[in-house]
Structure formats: structure tokens, C-alpha cells
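I have placed the structure first, in the form of C-alpha cells, so that the comments after it can refer back to it.
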Amino acid sequence: MSMNDPLGDMLTRIRNAQMRGKSTVRTPASKLRAWVLDVLKDEGYIRGYENVTADSGHAELEISLKYADGQPVIRELKRISTPGRRVYSGVQNIPQVRNGLGISVVSTPKGVMSDAAARAANVGGEVLCRVF
């Protein structure tokens, strides 16, 4: 995966770190990544994250992964909208994930939020990824 898709890169890093059972994983810092992580944290999929500075001097986000009984809390993390194929959804059509057991992360005019929050705020937007 190239860095043309920084968000996709971060999701891949999270998946890979979880497969190896790591407690934390780092990704280059960006506002969009932080906003998505805010949603994952609010929804209980990660412990949280903090801003750190890499040895190279670049800003990074250190993400604390969450496990339950030794299993990653995030079972599926899938990029929906990509730089090559953007996926937008009106508020009526925001996809539900596993009947509401999972979440879609949506980038709306009012910020990046979960599908439930977007429905509550009555806004649609770009469906960034889905988590289950």
C-alpha cells in the first residue's frame, strides 16, 4: 500500500500490529488519522493514542491497541472510500455494520464521526472505513 492513502496505511498498520499481538503501533501523525482514532477510541475499539516524536523528528501517533481475553477488540477494519474510489453516502444511506454491532467511520461537514453520530447529526459524508 502506497502512501497515497495515509489512512489506509494506518488501518493496515493497526491490523498488522494486532496480528502480532503488539500493545502499541505508531503511524505518522495527521489530523485525519487523529480524527479517525478519536472515533475508534470513543467507540471503545482502541485504548487511545498519544502524540509522540519519532527519532527522525517527525510527529507520530502512538496507538494503544485493545485486547479482550487475548483477542483484538477490532475483528475487522476495512477501508471503504479510497483515493481512487471515493464512497459518499447521504444520511439516509449510511451503511450499518453488522446490524449496529460495528461502526462505519464517516467524514462529514461536521467532522469525523461514527455512523450513529452522523445519523443523529443528520449529516452524510465520505464513508472512510468500517470497524467490527
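Ordering of the C-alpha cells sets the chain letters (A, B, ...); residue numbers start at 1 within each chain; ligands are numbered from 1 in the order shown.
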
Which residues in segment 3-108 of chain A does DSSP call strand (DSSP E)? List them as JSON, numbers by chain.
{"A": [24, 25, 26, 27, 28, 46, 47, 48, 49, 50, 51, 52, 53, 59, 60, 61, 62, 63, 64, 65, 67, 68, 71, 72, 77, 78, 79, 88, 89, 103, 104, 105, 106, 107, 108]}

As a count of residues only, please: the residues near segment 37-44 of chain A (cut-off 9 Å, only C-alpha atoms, same-chain neighbours under 4 positions excluded).
13

To one decimal place in Å, what is the distance between atom CA of Ser64 of chain A and atom CA of Glu50 of chain A?
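Computing it gives 8.4 Å between the two atoms.
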
Please extract the residues of chain A with a backbone DSSP assignment of alpha helix (DSSP H) and present them as a PyMOL selection string.
chain A and resi 6-19+31-42+115-121

Using only C-alpha atoms, can you tell me which of A:Ser89, A:Ser23, A:Asn122, A:Ser30 comes closest to Glu60 of chain A?
A:Ser30

Using only C-alpha atoms, find each residue of segment 19-111 of chain A with at least one atom at most 8 Å away from an atom of segment 9-12 of chain A; report its shortest atom-to-atom pair and that distance in Å (one decimal), sort the rows by chain and rising residue number, and return the result as a tab-separated table.
residue	atom	partner	partner_atom	distance
A:Thr27	CA	A:Met10	CA	6.0
A:Arg33	CA	A:Met10	CA	7.5
A:Leu77	CA	A:Leu11	CA	6.7
A:Lys78	CA	A:Leu11	CA	7.6
A:Arg79	CA	A:Leu11	CA	7.5

Would you compute the distance between atom CA of Gly21 of chain A and atom CA of Gly70 of chain A? Give it in Å to one decimal.
8.3 Å

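Closest to Gln96 of chain A among A:Lys110, A:Phe132, A:Ile14, A:Gly84 is A:Phe132, based on only C-alpha atoms.
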
Interatomic distance, atom CA of Leu61 of chain A to atom CA of Gly124 of chain A (Å, one decimal):
27.3 Å

Please list as a list in words every residue within 12 Å of Thr82 of chain A, counting only C-alpha atoms and excluding residues in the same chain fewer than 5 positions away.
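Residues near the query, excluding close chain neighbours: Met1, Ser2, Met3, Asn4, Asp5, Pro6, Leu7, Gly8, Asp9, Val87, Tyr88, Glu126, Val127, Leu128 and Cys129 of chain A.
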
Would you mind exporting the chosen residues as a PDB file, in the first residue's frame, restricted to N, CA, C and O atoms?
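In the end it all went to result_4.pdb:
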ATOM      1  N   MET A   1       0.857  -1.190   0.000  1.00  0.00           N
ATOM      2  CA  MET A   1       0.000   0.000   0.000  1.00  0.00           C
ATOM      3  C   MET A   1       0.888   1.234   0.000  1.00  0.00           C
ATOM      4  O   MET A   1       1.770   1.374   0.821  1.00  0.00           O
ATOM      5  N   SER A   2       0.641   2.109  -0.922  1.00  0.00           N
ATOM      6  CA  SER A   2       1.488   3.298  -1.025  1.00  0.00           C
ATOM      7  C   SER A   2       0.993   4.376  -0.073  1.00  0.00           C
ATOM      8  O   SER A   2      -0.100   4.301   0.475  1.00  0.00           O
ATOM      9  N   MET A   3       1.807   5.383   0.069  1.00  0.00           N
ATOM     10  CA  MET A   3       1.417   6.460   0.977  1.00  0.00           C
ATOM     11  C   MET A   3       0.458   7.439   0.315  1.00  0.00           C
ATOM     12  O   MET A   3       0.228   8.513   0.823  1.00  0.00           O
ATOM     13  N   ASN A   4      -0.080   7.069  -0.842  1.00  0.00           N
ATOM     14  CA  ASN A   4      -1.129   7.905  -1.419  1.00  0.00           C
ATOM     15  C   ASN A   4      -2.388   7.780  -0.581  1.00  0.00           C
ATOM     16  O   ASN A   4      -3.303   8.574  -0.724  1.00  0.00           O
ATOM     17  N   ASP A   5      -2.408   6.762   0.260  1.00  0.00           N
ATOM     18  CA  ASP A   5      -3.585   6.558   1.105  1.00  0.00           C
ATOM     19  C   ASP A   5      -3.125   6.446   2.560  1.00  0.00           C
ATOM     20  O   ASP A   5      -3.016   5.354   3.095  1.00  0.00           O
ATOM     21  N   PRO A   6      -2.834   7.593   3.174  1.00  0.00           N
ATOM     22  CA  PRO A   6      -2.301   7.575   4.540  1.00  0.00           C
ATOM     23  C   PRO A   6      -3.235   6.884   5.525  1.00  0.00           C
ATOM     24  O   PRO A   6      -2.782   6.180   6.421  1.00  0.00           O
ATOM     25  N   LEU A   7      -4.542   7.062   5.345  1.00  0.00           N
ATOM     26  CA  LEU A   7      -5.484   6.441   6.273  1.00  0.00           C
ATOM     27  C   LEU A   7      -5.478   4.929   6.095  1.00  0.00           C
ATOM     28  O   LEU A   7      -5.437   4.177   7.061  1.00  0.00           O
ATOM     29  N   GLY A   8      -5.469   4.476   4.848  1.00  0.00           N
ATOM     30  CA  GLY A   8      -5.404   3.044   4.583  1.00  0.00           C
ATOM     31  C   GLY A   8      -4.136   2.449   5.173  1.00  0.00           C
ATOM     32  O   GLY A   8      -4.141   1.337   5.712  1.00  0.00           O
ATOM     33  N   ASP A   9      -3.058   3.204   5.089  1.00  0.00           N
ATOM     34  CA  ASP A   9      -1.785   2.749   5.657  1.00  0.00           C
ATOM     35  C   ASP A   9      -1.912   2.562   7.166  1.00  0.00           C
ATOM     36  O   ASP A   9      -1.462   1.569   7.724  1.00  0.00           O
ATOM     37  N   VAL A  87     -16.214   6.985  -1.706  1.00  0.00           N
ATOM     38  CA  VAL A  87     -17.560   6.490  -1.431  1.00  0.00           C
ATOM     39  C   VAL A  87     -18.264   7.488  -0.527  1.00  0.00           C
ATOM     40  O   VAL A  87     -17.849   7.704   0.613  1.00  0.00           O
ATOM     41  N   TYR A  88     -19.283   8.131  -1.078  1.00  0.00           N
ATOM     42  CA  TYR A  88     -20.055   9.097  -0.294  1.00  0.00           C
ATOM     43  C   TYR A  88     -21.431   8.526  -0.015  1.00  0.00           C
ATOM     44  O   TYR A  88     -21.945   7.728  -0.796  1.00  0.00           O
ATOM     45  N   GLU A 126     -18.324  11.166   3.549  1.00  0.00           N
ATOM     46  CA  GLU A 126     -17.494  10.137   2.957  1.00  0.00           C
ATOM     47  C   GLU A 126     -17.316   8.995   3.950  1.00  0.00           C
ATOM     48  O   GLU A 126     -16.923   9.212   5.092  1.00  0.00           O
ATOM     49  N   VAL A 127     -17.632   7.785   3.520  1.00  0.00           N
ATOM     50  CA  VAL A 127     -17.510   6.619   4.406  1.00  0.00           C
ATOM     51  C   VAL A 127     -16.065   6.141   4.369  1.00  0.00           C
ATOM     52  O   VAL A 127     -15.633   5.500   3.416  1.00  0.00           O
ATOM     53  N   LEU A 128     -15.311   6.487   5.404  1.00  0.00           N
ATOM     54  CA  LEU A 128     -13.867   6.223   5.401  1.00  0.00           C
ATOM     55  C   LEU A 128     -13.546   4.750   5.597  1.00  0.00           C
ATOM     56  O   LEU A 128     -12.750   4.175   4.871  1.00  0.00           O
ATOM     57  N   CYS A 129     -14.147   4.151   6.615  1.00  0.00           N
ATOM     58  CA  CYS A 129     -13.827   2.766   6.899  1.00  0.00           C
ATOM     59  C   CYS A 129     -14.920   2.172   7.767  1.00  0.00           C
ATOM     60  O   CYS A 129     -15.778   2.882   8.264  1.00  0.00           O
TER      61      CYS A 129
END
